[in-house]
Amino acid sequence: MSEKKRRRADPGPSGPAAVTKKSRARGSSHAHDLRKQLTPDSDILASLRRMYDEAQSSAASSKTLNLSDLNLSAACREVSDRDASSVKHTIERAILDVARSILAGRGFSFDVPSRSASNQLYVPELDRIVLRDKSSSRPFANLSTVRKSTITARVLSLVYAVLLRDIHVTKRDLFYTDVKLFQDQSQSDAVLDDVSCMLGCTRSSLHVVASEKGVVVGRLVFTDDGDRIDCTKMGIGGKAIPPNIDRVGNLESDALFILLVEKDAAFMRLAEDRFYNRFPCIIVTAKGQPDVATRLFLRRMKTELKLPVLALVDSDPYGLKILSVYMCGSKNMSYDSSNLTTPDIKWLGVRPSDLDKYQIPEQCRLAMTDQDVKAGKDLLEEEFVKRNEGWVKELESMVRTRQKAEIQALSSFGFQYLTEVYLPLKLQQKDWL
């Protein structure tokens, strides 16, 4: 048989391989069609400038609500930024109370605010989680609390020493001062939050910070301890967000919005493609679960620069949990939610509805585990989700289809599809929640 006839007779691949090939072909064709829907950048920029103007106008006319403005049925506790001398004075008073109690023959204990899940309260007017003002006693002369009481006294002593020297240390440094007592860093970290809440000050006021984690790149200039930082000249790795946010100042920007990104991989793609030059923006990521410094930095940019914030996270329950921490706060640090939350962040993507809208290939969609589904259902029970109809619909769709996808699934259409098609089209259509 001739080669020509043999080729004509060959029916080609069949079964799943053929389905996958056809799916890829359809996806590529659809991606090409979406690319053709893009309008000139000048039109998208005009729309972004209108969004920017609205954000500036809204920030100028609206009054920021505080707990004190609300007549809540339950008393709540909040902390504030305080200078070193004020914190030292509060620690001295606490230790004097301990000394008087011991001399009076009563032993000593610490009254520690309860940070349990049952003591958290979501306040719709503030759109964030706060901590009820309820405390529990931590006596030294009790077998169940003696160890934690000892750790509390030790952490107070260490924080006082740090404040006396007017230096900053990391949480890891703190742990290594007494490994035998703390045993695990999670224990010293938890008591550090207790101490912050007890003293009524933010954790940064204790001069104890976390190691650098978050990074920023794009149209932002600021000073870090007096050094001028230009975030357009930081390469694809970006500038590490300083853990000592109190040393950051003089924020300047010509950006039209802030793009909050969940993962480092997407951040690097955006930075390498200089997305912030095509659409003037500031790009920030905490590389997963948001740390305190990144949350403080984001809030500060939003407050001082009055920029709208758009979020790009994975299409799964954990991406939404991460977004909710930025917006409403974490239950672990609800006592400082007024400083750590950034309200009115828009969910840009990747959303469950995007999987079909952009025809993400089946092989790039991941099956949700039972744990994923439970996490999604738990989110649907949260008050901050219930008040957003768009979030509810997307989450219900995710749970029903049991499908999730990462931002990197967009790379199936090309490594630069995220920056060249997906995000520009999202911005053009104002497709956010």
# chains A, B, ... in the order shown; residues from 1 in each chain; ligands from 1
call {"tool": "closest_atom_pairs", "arguments": {"of": "segment 273-328 of chain A", "to": "segment 355-378 of chain A", "cutoff": "12 Å", "atoms": "only C-alpha atoms", "output": "CSV"}}
result
residue,atom,partner,partner_atom,distance
A:Asp314,CA,A:Leu355,CA,11.3
A:Ser315,CA,A:Leu355,CA,8.8
A:Asp316,CA,A:Asp372,CA,7.7
A:Pro317,CA,A:Gly376,CA,5.2
A:Tyr318,CA,A:Ala375,CA,7.8
A:Gly319,CA,A:Gly376,CA,10.5
A:Leu320,CA,A:Gly376,CA,9.0
A:Lys321,CA,A:Ala375,CA,9.0
call {"tool": "write_last_selection", "arguments": {"atoms": "N, CA, C and O atoms", "output": "mmCIF file, in the first residue's frame"}}
result
data_model
loop_
_atom_site.group_PDB
_atom_site.id
_atom_site.type_symbol
_atom_site.label_atom_id
_atom_site.label_comp_id
_atom_site.auth_asym_id
_atom_site.auth_seq_id
_atom_site.Cartn_x
_atom_site.Cartn_y
_atom_site.Cartn_z
ATOM 1 N N ASP A 314 -6.629 31.841 43.427
ATOM 2 C CA ASP A 314 -7.041 30.563 42.843
ATOM 3 C C ASP A 314 -8.548 30.381 42.978
ATOM 4 O O ASP A 314 -9.169 30.893 43.921
ATOM 5 N N SER A 315 -9.123 29.627 42.063
ATOM 6 C CA SER A 315 -10.547 29.307 42.132
ATOM 7 C C SER A 315 -10.732 28.072 43.007
ATOM 8 O O SER A 315 -10.975 26.966 42.534
ATOM 9 N N ASP A 316 -10.558 28.264 44.299
ATOM 10 C CA ASP A 316 -10.803 27.204 45.281
ATOM 11 C C ASP A 316 -11.143 27.848 46.620
ATOM 12 O O ASP A 316 -10.964 29.062 46.794
ATOM 13 N N PRO A 317 -11.668 27.085 47.587
ATOM 14 C CA PRO A 317 -12.080 27.683 48.865
ATOM 15 C C PRO A 317 -10.937 28.383 49.593
ATOM 16 O O PRO A 317 -11.164 29.374 50.296
ATOM 17 N N TYR A 318 -9.719 27.895 49.426
ATOM 18 C CA TYR A 318 -8.590 28.472 50.162
ATOM 19 C C TYR A 318 -8.172 29.820 49.581
ATOM 20 O O TYR A 318 -7.717 30.705 50.312
ATOM 21 N N GLY A 319 -8.352 29.991 48.261
ATOM 22 C CA GLY A 319 -8.106 31.294 47.659
ATOM 23 C C GLY A 319 -9.058 32.335 48.224
ATOM 24 O O GLY A 319 -8.669 33.470 48.518
ATOM 25 N N LEU A 320 -10.314 31.928 48.408
ATOM 26 C CA LEU A 320 -11.307 32.847 48.968
ATOM 27 C C LEU A 320 -11.064 33.106 50.454
ATOM 28 O O LEU A 320 -11.317 34.203 50.946
ATOM 29 N N LYS A 321 -10.581 32.083 51.166
ATOM 30 C CA LYS A 321 -10.256 32.289 52.579
ATOM 31 C C LYS A 321 -9.143 33.321 52.721
ATOM 32 O O LYS A 321 -9.175 34.176 53.605
#
call {"tool": "residues_around", "arguments": {"residues": "segment 341-350 of chain A", "least_positions_apart": "6", "cutoff": "6 Å", "atoms": "only C-alpha atoms", "output": "ChimeraX atom specification"}}
result
/A:299,309-315,326-329,432-433
call {"tool": "atom_distance", "arguments": {"atom1": "atom CA of Arg247 of chain A", "atom2": "atom CA of Ala59 of chain A"}}
result
24.7 Å
call {"tool": "atom_distance", "arguments": {"atom1": "atom CA of Pro40 of chain A", "atom2": "atom CA of Lys426 of chain A"}}
result
13.7 Å
call {"tool": "closest_atom_pairs", "arguments": {"of": "segment 141-218 of chain A", "to": "segment 74-88 of chain A", "cutoff": "7 Å", "atoms": "only C-alpha atoms", "output": "Markdown table"}}
result
| residue | atom | partner | partner_atom | distance |
| --- | --- | --- | --- | --- |
| A:Tyr160 | CA | A:Lys88 | CA | 6.2 |
| A:Leu163 | CA | A:Ala84 | CA | 6.0 |
| A:Cys197 | CA | A:Val79 | CA | 6.7 |
| A:Gly200 | CA | A:Val79 | CA | 4.6 |
| A:Cys201 | CA | A:Val79 | CA | 4.7 |
| A:Thr202 | CA | A:Asp81 | CA | 5.4 |
| A:Ser205 | CA | A:Arg82 | CA | 5.8 |
call {"tool": "closest_atom_pairs", "arguments": {"of": "segment 261-339 of chain A", "to": "segment 99-122 of chain A", "cutoff": "10 Å", "atoms": "only C-alpha atoms", "output": "Markdown table"}}
result
| residue | atom | partner | partner_atom | distance |
| --- | --- | --- | --- | --- |
| A:Cys328 | CA | A:Tyr122 | CA | 8.4 |
| A:Gly329 | CA | A:Tyr122 | CA | 9.8 |
| A:Ser330 | CA | A:Gln120 | CA | 9.8 |
| A:Lys331 | CA | A:Gln120 | CA | 6.7 |
| A:Asn332 | CA | A:Arg115 | CA | 6.7 |
| A:Met333 | CA | A:Arg115 | CA | 8.0 |
| A:Ser334 | CA | A:Gln120 | CA | 7.2 |
| A:Tyr335 | CA | A:Arg115 | CA | 8.1 |
call {"tool": "write_last_selection", "arguments": {"atoms": "C-alpha atoms", "output": "PDB file, in the first residue's frame"}}
result
ATOM      1  CA  CYS A 328     -12.448  40.980  57.071  1.00  0.00           C
ATOM      2  CA  GLY A 329      -9.510  39.818  59.181  1.00  0.00           C
ATOM      3  CA  SER A 330      -8.504  36.536  60.769  1.00  0.00           C
ATOM      4  CA  LYS A 331     -10.089  35.143  63.909  1.00  0.00           C
ATOM      5  CA  ASN A 332      -6.642  34.688  65.419  1.00  0.00           C
ATOM      6  CA  MET A 333      -5.953  38.446  65.279  1.00  0.00           C
ATOM      7  CA  SER A 334      -9.467  39.863  65.433  1.00  0.00           C
ATOM      8  CA  TYR A 335      -8.360  42.142  68.278  1.00  0.00           C
TER       9      TYR A 335
END
